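For reference, model31.cif is printed below; it contains mmCIF, C-alpha atoms and all ligand atoms.
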```
data_work
#
loop_
_atom_site.label_atom_id
_atom_site.label_comp_id
_atom_site.auth_asym_id
_atom_site.auth_seq_id
_atom_site.Cartn_x
_atom_site.Cartn_y
_atom_site.Cartn_z
CA MET A 25 118.05 106.38 102.37
CA LEU A 26 114.98 106.52 100.18
CA VAL A 27 114.23 103.51 98.01
CA ASN A 28 111.95 102.76 95.09
CA SER A 29 108.90 100.56 95.63
CA LYS A 30 110.10 97.47 93.74
CA LYS A 31 111.51 95.32 96.52
CA MET A 32 108.99 96.26 99.20
CA LEU A 33 106.01 95.52 96.92
CA GLU A 34 107.45 92.25 95.68
CA GLU A 35 108.16 91.11 99.23
CA ALA A 36 104.63 92.10 100.25
CA ARG A 37 103.18 90.12 97.36
CA GLU A 38 105.22 87.05 98.27
CA GLY A 39 104.39 87.43 101.97
CA HIS A 40 100.64 88.09 101.45
CA TYR A 41 100.59 91.43 103.22
CA ALA A 42 100.38 95.03 101.96
CA ILE A 43 102.49 98.18 102.19
CA PRO A 44 100.77 101.31 103.53
CA HIS A 45 100.81 104.38 101.29
CA PHE A 46 100.04 107.44 103.41
CA ASN A 47 99.59 110.81 101.74
CA ILE A 48 101.55 113.68 103.26
CA ASN A 49 100.49 117.32 103.46
CA ASN A 50 103.26 118.99 105.40
CA LEU A 51 106.42 118.38 107.39
CA GLU A 52 104.63 117.28 110.54
CA TRP A 53 102.59 114.65 108.68
CA ALA A 54 105.72 113.22 107.14
CA ARG A 55 107.36 113.13 110.57
CA PHE A 56 104.38 111.49 112.33
CA ILE A 57 104.17 108.80 109.64
CA LEU A 58 107.91 108.10 109.58
CA GLU A 59 108.10 107.89 113.37
CA GLU A 60 105.18 105.48 113.65
CA CYS A 61 106.42 103.27 110.81
CA GLU A 62 109.89 103.19 112.34
CA LYS A 63 108.38 102.24 115.72
CA GLU A 64 106.50 99.33 114.11
CA LYS A 65 109.31 98.46 111.68
CA SER A 66 106.97 98.80 108.71
CA PRO A 67 108.15 99.76 105.21
CA VAL A 68 106.20 102.79 104.01
CA ILE A 69 105.30 104.75 100.90
CA LEU A 70 104.82 108.49 101.33
CA GLY A 71 102.34 109.62 98.69
CA VAL A 72 102.40 113.20 97.43
CA SER A 73 99.65 114.55 95.19
CA GLU A 74 100.40 117.39 92.81
CA GLY A 75 98.23 119.67 94.94
CA ALA A 76 100.01 118.70 98.16
CA SER A 77 103.36 119.20 96.48
CA GLN A 78 102.40 122.71 95.34
CA TYR A 79 101.15 123.44 98.86
CA MET A 80 104.53 122.45 100.31
CA GLY A 81 106.53 124.50 97.77
CA GLY A 82 107.11 122.01 94.96
CA PHE A 83 108.76 118.63 94.32
CA LYS A 84 112.25 119.81 95.24
CA VAL A 85 111.12 121.05 98.64
CA VAL A 86 109.22 117.83 99.35
CA SER A 87 112.10 115.65 98.28
CA ALA A 88 114.69 117.58 100.32
CA MET A 89 112.36 117.60 103.33
CA VAL A 90 111.66 113.85 103.26
CA LYS A 91 115.33 113.00 102.70
CA ALA A 92 116.37 115.23 105.62
CA LEU A 93 113.70 113.78 107.92
CA ASP A 94 114.72 110.25 106.98
CA GLU A 95 118.30 111.07 107.94
CA SER A 96 117.71 113.24 110.99
CA LEU A 97 115.15 110.91 112.55
CA PHE A 98 117.50 107.94 111.96
CA ILE A 99 114.82 106.06 110.02
CA THR A 100 115.94 102.52 109.22
CA VAL A 101 112.79 101.17 107.53
CA PRO A 102 112.51 101.39 103.71
CA VAL A 103 110.85 104.69 102.72
CA CYS A 104 109.60 105.33 99.21
CA LEU A 105 108.73 108.87 98.06
CA HIS A 106 105.95 108.51 95.53
CA LEU A 107 104.13 110.95 93.25
CA ASP A 108 100.41 110.20 93.56
CA HIS A 109 98.31 110.59 90.38
CA GLY A 110 100.86 112.34 88.15
CA SER A 111 98.67 113.94 85.51
CA SER A 112 101.20 114.23 82.68
CA THR A 113 104.48 112.76 81.51
CA SER A 114 106.26 116.07 82.19
CA ILE A 115 104.99 116.24 85.79
CA CYS A 116 106.25 112.68 86.37
CA LYS A 117 109.65 113.53 84.90
CA GLU A 118 109.87 116.65 87.07
CA ALA A 119 109.17 114.58 90.20
CA ILE A 120 111.81 112.03 89.15
CA ASP A 121 114.37 114.77 88.48
CA SER A 122 113.60 116.22 91.92
CA GLY A 123 114.45 112.98 93.72
CA PHE A 124 111.15 111.08 93.96
CA THR A 125 111.85 107.35 94.00
CA SER A 126 108.50 106.29 92.53
CA VAL A 127 105.81 107.91 90.40
CA MET A 128 102.25 107.18 89.39
CA ILE A 129 101.29 108.22 85.89
CA ASP A 130 97.53 108.56 85.87
CA ALA A 131 96.48 108.61 82.23
CA SER A 132 93.26 106.76 83.05
CA LYS A 133 91.03 109.48 81.64
CA TYR A 134 92.50 108.98 78.16
CA SER A 135 91.92 106.15 75.65
CA LEU A 136 93.73 102.85 76.29
CA GLU A 137 96.15 103.63 73.43
CA GLU A 138 96.99 107.04 74.88
CA ASN A 139 97.26 105.61 78.40
CA ILE A 140 99.76 103.01 77.12
CA LYS A 141 101.74 105.63 75.20
CA MET A 142 102.02 108.06 78.14
CA THR A 143 102.73 105.30 80.66
CA LYS A 144 105.44 103.76 78.46
CA GLU A 145 107.15 107.15 78.09
CA VAL A 146 107.25 107.52 81.89
CA VAL A 147 108.43 103.92 82.41
CA ASP A 148 111.34 104.41 79.99
CA TYR A 149 112.39 107.64 81.70
CA ALA A 150 111.88 106.31 85.24
CA HIS A 151 113.54 102.92 84.84
CA ALA A 152 116.65 104.51 83.33
CA ARG A 153 116.92 106.39 86.64
CA GLY A 154 116.06 103.57 89.06
CA VAL A 155 112.55 104.88 89.72
CA THR A 156 109.44 102.66 89.84
CA VAL A 157 106.14 103.37 88.08
CA GLU A 158 102.49 102.77 88.97
CA ALA A 159 99.74 103.21 86.39
CA GLU A 160 95.95 103.31 86.54
CA ILE A 161 93.36 101.50 84.46
CA GLY A 162 89.63 102.11 84.58
CA HIS A 163 89.01 105.26 86.56
CA ILE A 164 88.99 105.67 90.35
CA GLY A 165 86.22 108.09 91.22
CA GLY A 166 85.44 110.28 94.22
CA GLU A 167 87.05 113.49 95.44
CA GLU A 168 90.76 114.25 95.68
CA ASP A 169 92.50 117.62 95.80
CA GLY A 170 89.06 119.21 95.35
CA ILE A 171 88.40 117.39 92.05
CA MET A 172 85.29 115.19 91.72
CA ASP A 173 85.37 112.22 89.32
CA GLU A 174 83.11 109.37 88.28
CA LEU A 175 84.15 105.77 88.93
CA ALA A 176 84.67 103.50 85.89
CA TYR A 177 85.51 99.85 86.63
CA ALA A 178 88.66 98.51 84.94
CA LYS A 179 88.39 95.87 82.21
CA VAL A 180 90.64 92.83 82.73
CA GLU A 181 91.80 92.82 79.09
CA ASP A 182 92.77 96.50 79.29
CA ALA A 183 94.71 95.88 82.50
CA CYS A 184 96.64 93.03 80.85
CA MET A 185 97.36 95.13 77.76
CA LEU A 186 98.60 98.11 79.80
CA ALA A 187 100.86 95.84 81.89
CA LYS A 188 102.25 93.97 78.88
CA GLU A 189 102.91 97.00 76.69
CA THR A 190 104.52 99.26 79.28
CA GLY A 191 106.60 97.27 81.80
CA ILE A 192 105.08 99.06 84.82
CA ASP A 193 106.02 97.96 88.34
CA SER A 194 102.55 98.13 89.90
CA LEU A 195 99.00 98.64 88.72
CA ALA A 196 96.01 100.44 90.20
CA PRO A 197 92.88 98.97 88.61
CA ALA A 198 89.69 100.86 89.46
CA LEU A 199 87.52 98.13 90.98
CA GLY A 200 84.95 99.97 93.07
CA SER A 201 86.97 102.08 95.50
CA VAL A 202 86.75 105.88 95.40
CA HIS A 203 88.78 108.72 96.89
CA GLY A 204 87.31 110.54 99.87
CA PRO A 205 84.29 109.54 101.98
CA TYR A 206 82.06 106.75 100.61
CA LYS A 207 78.41 107.31 99.87
CA GLY A 208 77.06 103.90 100.88
CA GLU A 209 79.03 100.64 100.85
CA PRO A 210 82.04 100.31 98.51
CA LYS A 211 81.37 97.55 95.97
CA LEU A 212 84.77 96.04 95.27
CA ASP A 213 85.02 93.56 92.41
CA PHE A 214 87.18 90.85 94.03
CA VAL A 215 86.74 88.44 91.13
CA LYS A 216 88.28 90.86 88.64
CA MET A 217 90.94 91.79 91.21
CA ALA A 218 92.10 88.18 91.51
CA GLU A 219 91.96 87.71 87.74
CA ILE A 220 94.07 90.82 87.09
CA LYS A 221 96.58 89.63 89.70
CA GLU A 222 96.78 86.17 88.07
CA ARG A 223 97.16 87.48 84.56
CA THR A 224 99.46 90.47 85.07
CA HIS A 225 101.60 89.07 87.93
CA LEU A 226 101.90 92.68 89.12
CA PRO A 227 101.58 94.06 92.64
CA LEU A 228 98.13 95.70 92.69
CA VAL A 229 97.27 99.00 94.34
CA LEU A 230 93.99 99.87 96.03
CA HIS A 231 93.29 103.60 96.00
CA GLY A 232 90.60 105.16 98.17
CA GLY A 233 91.63 103.05 101.16
CA SER A 234 89.75 105.20 103.70
CA GLY A 235 86.35 103.99 104.82
CA ILE A 236 86.61 100.42 103.50
CA ASP A 237 85.91 97.95 106.31
CA ASP A 238 88.72 95.76 107.60
CA GLU A 239 87.32 92.47 106.28
CA LYS A 240 87.12 93.85 102.74
CA ILE A 241 90.69 95.11 102.96
CA LYS A 242 91.90 91.68 104.11
CA LYS A 243 90.00 90.06 101.25
CA ALA A 244 91.52 92.56 98.81
CA ILE A 245 95.01 91.62 100.04
CA ALA A 246 94.17 87.96 99.47
CA CYS A 247 93.11 88.91 95.92
CA GLY A 248 96.41 90.63 95.09
CA ILE A 249 96.39 94.10 96.66
CA THR A 250 99.92 94.87 97.90
CA LYS A 251 99.67 98.64 98.40
CA LEU A 252 96.80 100.45 100.11
CA ASN A 253 96.47 104.23 99.66
CA ILE A 254 95.19 106.16 102.67
CA ASN A 255 94.63 109.89 102.82
CA THR A 256 91.14 110.96 103.94
CA GLU A 257 91.12 108.84 107.09
CA LEU A 258 94.30 110.44 108.45
CA GLN A 259 93.00 113.90 107.56
CA MET A 260 89.77 113.22 109.42
CA GLU A 261 91.47 111.79 112.51
CA TRP A 262 93.94 114.66 112.73
CA THR A 263 91.26 117.31 112.21
CA LYS A 264 88.92 115.77 114.77
CA ALA A 265 91.61 115.89 117.46
CA VAL A 266 92.69 119.42 116.56
CA ARG A 267 89.09 120.67 116.53
CA THR A 268 88.49 119.30 120.03
CA PHE A 269 91.79 120.77 121.25
CA LEU A 270 90.92 124.22 119.90
CA GLU A 271 87.44 124.14 121.41
CA GLU A 272 88.91 123.23 124.79
CA ASN A 273 91.88 125.61 124.57
CA GLN A 274 90.51 128.88 123.26
CA THR A 275 93.55 130.93 124.29
CA VAL A 276 96.22 128.81 122.57
CA TYR A 277 97.84 130.51 119.57
CA ASP A 278 101.15 128.67 119.10
CA PRO A 279 100.83 126.75 115.78
CA ARG A 280 103.19 124.06 117.08
CA LYS A 281 100.72 123.26 119.86
CA VAL A 282 97.80 123.25 117.42
CA ILE A 283 99.44 120.90 114.91
CA LYS A 284 100.80 118.65 117.65
CA ALA A 285 97.32 118.24 119.08
CA GLY A 286 96.54 115.86 116.22
CA GLU A 287 99.72 113.80 116.53
CA GLU A 288 98.55 111.09 118.92
CA GLN A 289 95.27 110.48 117.12
CA MET A 290 96.96 110.39 113.74
CA LYS A 291 99.64 107.98 114.93
CA LYS A 292 96.92 105.71 116.35
CA ALA A 293 95.24 105.62 112.92
CA ILE A 294 98.59 104.88 111.21
CA ASN A 295 99.29 102.11 113.70
CA ALA A 296 95.87 100.54 113.10
CA LYS A 297 96.52 100.43 109.34
CA ILE A 298 99.98 98.89 109.80
CA HIS A 299 98.37 96.12 111.85
CA LEU A 300 95.52 95.63 109.40
CA LEU A 301 97.90 95.34 106.43
CA ALA A 302 100.27 93.12 108.46
CA SER A 303 103.26 95.24 107.41
CA LYS A 304 104.59 95.40 111.00
CA GLN A 305 108.10 93.94 111.47
CA ARG A 306 108.58 93.51 107.69
CA ALA A 307 111.40 96.03 107.37
P1 LIG A 401 91.47 108.21 100.37
O1 LIG A 401 91.58 109.70 100.45
O2 LIG A 401 90.07 107.77 100.09
O3 LIG A 401 92.05 107.55 101.55
O4 LIG A 401 92.30 107.74 99.09
C1 LIG A 401 93.68 108.01 99.04
C2 LIG A 401 94.24 107.66 97.71
O5 LIG A 401 93.80 106.76 97.05
C3 LIG A 401 95.38 108.45 97.25
O6 LIG A 401 95.72 108.14 95.95
#
```

Would you kindly transcribe this structure into structure tokens?
Amino acid sequence: MLVNSKKMLEEAREGHYAIPHFNINNLEWARFILEECEKEKSPVILGVSEGASQYMGGFKVVSAMVKALDESLFITVPVCLHLDHGSSTSICKEAIDSGFTSVMIDASKYSLEENIKMTKEVVDYAHARGVTVEAEIGHIGGEEDGIMDELAYAKVEDACMLAKETGIDSLAPALGSVHGPYKGEPKLDFVKMAEIKERTHLPLVLHGGSGIDDEKIKKAIACGITKLNINTELQMEWTKAVRTFLEENQTVYDPRKVIKAGEEQMKKAINAKIHLLASKQRA
């Protein structure tokens, strides 16, 4: 059964570990992630961007697919189906109505007042239906779904205001991480991270989790990060393995063999993240 993110994030915060959020792109990715998390007994959040959802046929398809996989694979660990970077209140409501158990409303490009207004509207709708809500403050830069954005660090006061006025369940403050590959070293603001954790008492989310070294991720967890979002790294690992397979097997044409060629490498990357976040055996 799918669950919202409330309990798993609160337990992670209390236990000083973090929950992995892996973005999914198709059925096989969802299956690889679920199987590896089940093997390691790690709770997991499956993140779905609007672009990935459209690619798979829409929220209803994604929701039905994840629910069926959860059942058919006999998954026992808590699985949360989460809309990543919902760009409007109506998109968030559509995901909720389609069976998503958690949504992110990303109104970070608007003024603080507008961000609060949009986020509050989603919180009211979501909470009435048992769905959890993540919001963003500051602006996480980099490239996602083919869109390039500039990074803007979050202000502590804005983070506190957004948390207080909306009743969100988790908060993604932009503190130096970006989506996609990093150009140079990520400069995470751990001081602000710890301050936002202290003052909001919310589970914090680190987006752009690919390409940040392990020590920084551990430090981020110590400063309040309880959910780490990973997309690019899994894409790269899967593609690398598939590319090698295709070069070495020029006559293969069965798509099942092609997609499967990335399974082992992708599961290895998932496993490494579960160990890094210490979410193993927490289910
Ligand atoms: P990466 O693609 O950098 O791993 O970021 C993923 C993410 O933050 C999804 O919201």

>> What does the list of residues within 10 Å of ligand LIG 401 (chain A) look like if you count all atoms listed in the file, written as number ranges by chain?
In response: A: 45-47, 71-73, 107-109, 128, 164-169, 196, 201-206, 229-236, 252-260

> Using all atoms listed in the file, which of A:Gly39, A:Gly154, A:Gly75, A:Pro197 sits nearest Leu26 of chain A?
Replying inline: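 Ranked by minimum distance to Leu26 of chain A, first place goes to A:Gly154.
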
> atom CA of Val146 of chain A to atom CA of Asn28 of chain A: how many Å, to one decimal?
Replying inline: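 Value for the atom CA of Val146 of chain A-atom CA of Asn28 of chain A distance: 14.8 Å.
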
> What does the distance from atom CA of Lys281 of chain A to atom CA of Phe269 of chain A come to in Å, to one decimal?
Replying inline: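 Separation between atom CA of Lys281 of chain A and atom CA of Phe269 of chain A: 9.4 Å.
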
>> If we count all atoms listed in the file and set the cut-off at 10 Å, which residues sit around segment 178-183 of chain A, ignoring sequence neighbours fewer than 5 positions away in its own chain? Please answer as a list in words.
In response: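 The filter keeps Ser132, Leu136, Glu137, Ile140, Ala159, Glu160, Ile161, Gly162, His163, Ile164, Lys188, Leu195, Ala196, Pro197, Ala198, Leu199, Gly200, Asp213, Lys216, Met217, Glu219, Ile220, Lys221, Arg223 and Thr224 of chain A.
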
> Which residue, A:Lys133, A:Arg153, A:Arg55, A:Lys242, has the smallest gap to Ala119 of chain A when you use all atoms listed in the file?
Replying inline: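 Closest to Ala119 of chain A, using all atoms listed in the file: A:Arg153.
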
> Got a sec: who's within 7 Å of segment 84-88 of chain A, counting all atoms listed in the file, leaving out chain neighbours fewer than 6 positions off, as a PyMOL selection string?
Replying inline: chain A and resi 77+122-124

> Do you have the atom CA of Ala54 of chain A-atom CA of Lys284 of chain A distance handy?
Replying inline: 12.8 Å

>> So, with only C-alpha atoms as the atoms that count, which of A:Glu138, A:Glu60, A:Asp193, A:Glu74 lies closest to Ser126 of chain A?
In response: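 Result for the nearest residue to Ser126 of chain A: A:Asp193.
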
>> With distances taken over only C-alpha atoms, which residue among A:Cys184, A:Ala92, A:Glu174, A:Ala265 lies nearest Lys292 of chain A?
In response: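 Nearest candidate to Lys292 of chain A out of A:Cys184, A:Ala92, A:Glu174, A:Ala265: A:Ala265.
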
> Looking at A:Tyr149, A:Lys207, A:Phe83, A:Pro44, which one is nearest to Ala293 of chain A, with distances taken over all atoms listed in the file?
Replying inline: A:Pro44

> Restricting the calculation to only C-alpha atoms, which member of A:Ile43, A:Thr156, A:Ile241, A:Val282 is positioned closest to Leu270 of chain A?
Replying inline: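 Under the stated criterion, the closest residue is A:Val282.
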
>> Need the shell around Glu239 of chain A: protein/DNA/RNA residues with any atom at most 12 Å away, counting only C-alpha atoms. Skip same-chain ones fewer than 4 positions apart. Format as a list in words?
In response: Leu212, Gly235, Lys243, Ala244, Ile245, Ala246, Leu300 and Leu301 of chain A

What's around Ile99 of chain A at 10 Å? Count all atoms listed in the file, leave out sequence neighbours fewer than 3 positions away in its own chain, and write the answer as an mmCIF file with C-alpha atoms, in the frame of the given file.
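The new file around-v1.cif reads:
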```
data_model
loop_
_atom_site.group_PDB
_atom_site.id
_atom_site.type_symbol
_atom_site.label_atom_id
_atom_site.label_comp_id
_atom_site.auth_asym_id
_atom_site.auth_seq_id
_atom_site.Cartn_x
_atom_site.Cartn_y
_atom_site.Cartn_z
ATOM 1 C CA MET A 25 118.050 106.380 102.370
ATOM 2 C CA LEU A 26 114.980 106.520 100.180
ATOM 3 C CA LEU A 58 107.910 108.100 109.580
ATOM 4 C CA GLU A 59 108.100 107.890 113.370
ATOM 5 C CA CYS A 61 106.420 103.270 110.810
ATOM 6 C CA GLU A 62 109.890 103.190 112.340
ATOM 7 C CA LYS A 63 108.380 102.240 115.720
ATOM 8 C CA LYS A 65 109.310 98.460 111.680
ATOM 9 C CA LEU A 93 113.700 113.780 107.920
ATOM 10 C CA ASP A 94 114.720 110.250 106.980
ATOM 11 C CA GLU A 95 118.300 111.070 107.940
ATOM 12 C CA SER A 96 117.710 113.240 110.990
ATOM 13 C CA PRO A 102 112.510 101.390 103.710
ATOM 14 C CA VAL A 103 110.850 104.690 102.720
#
```
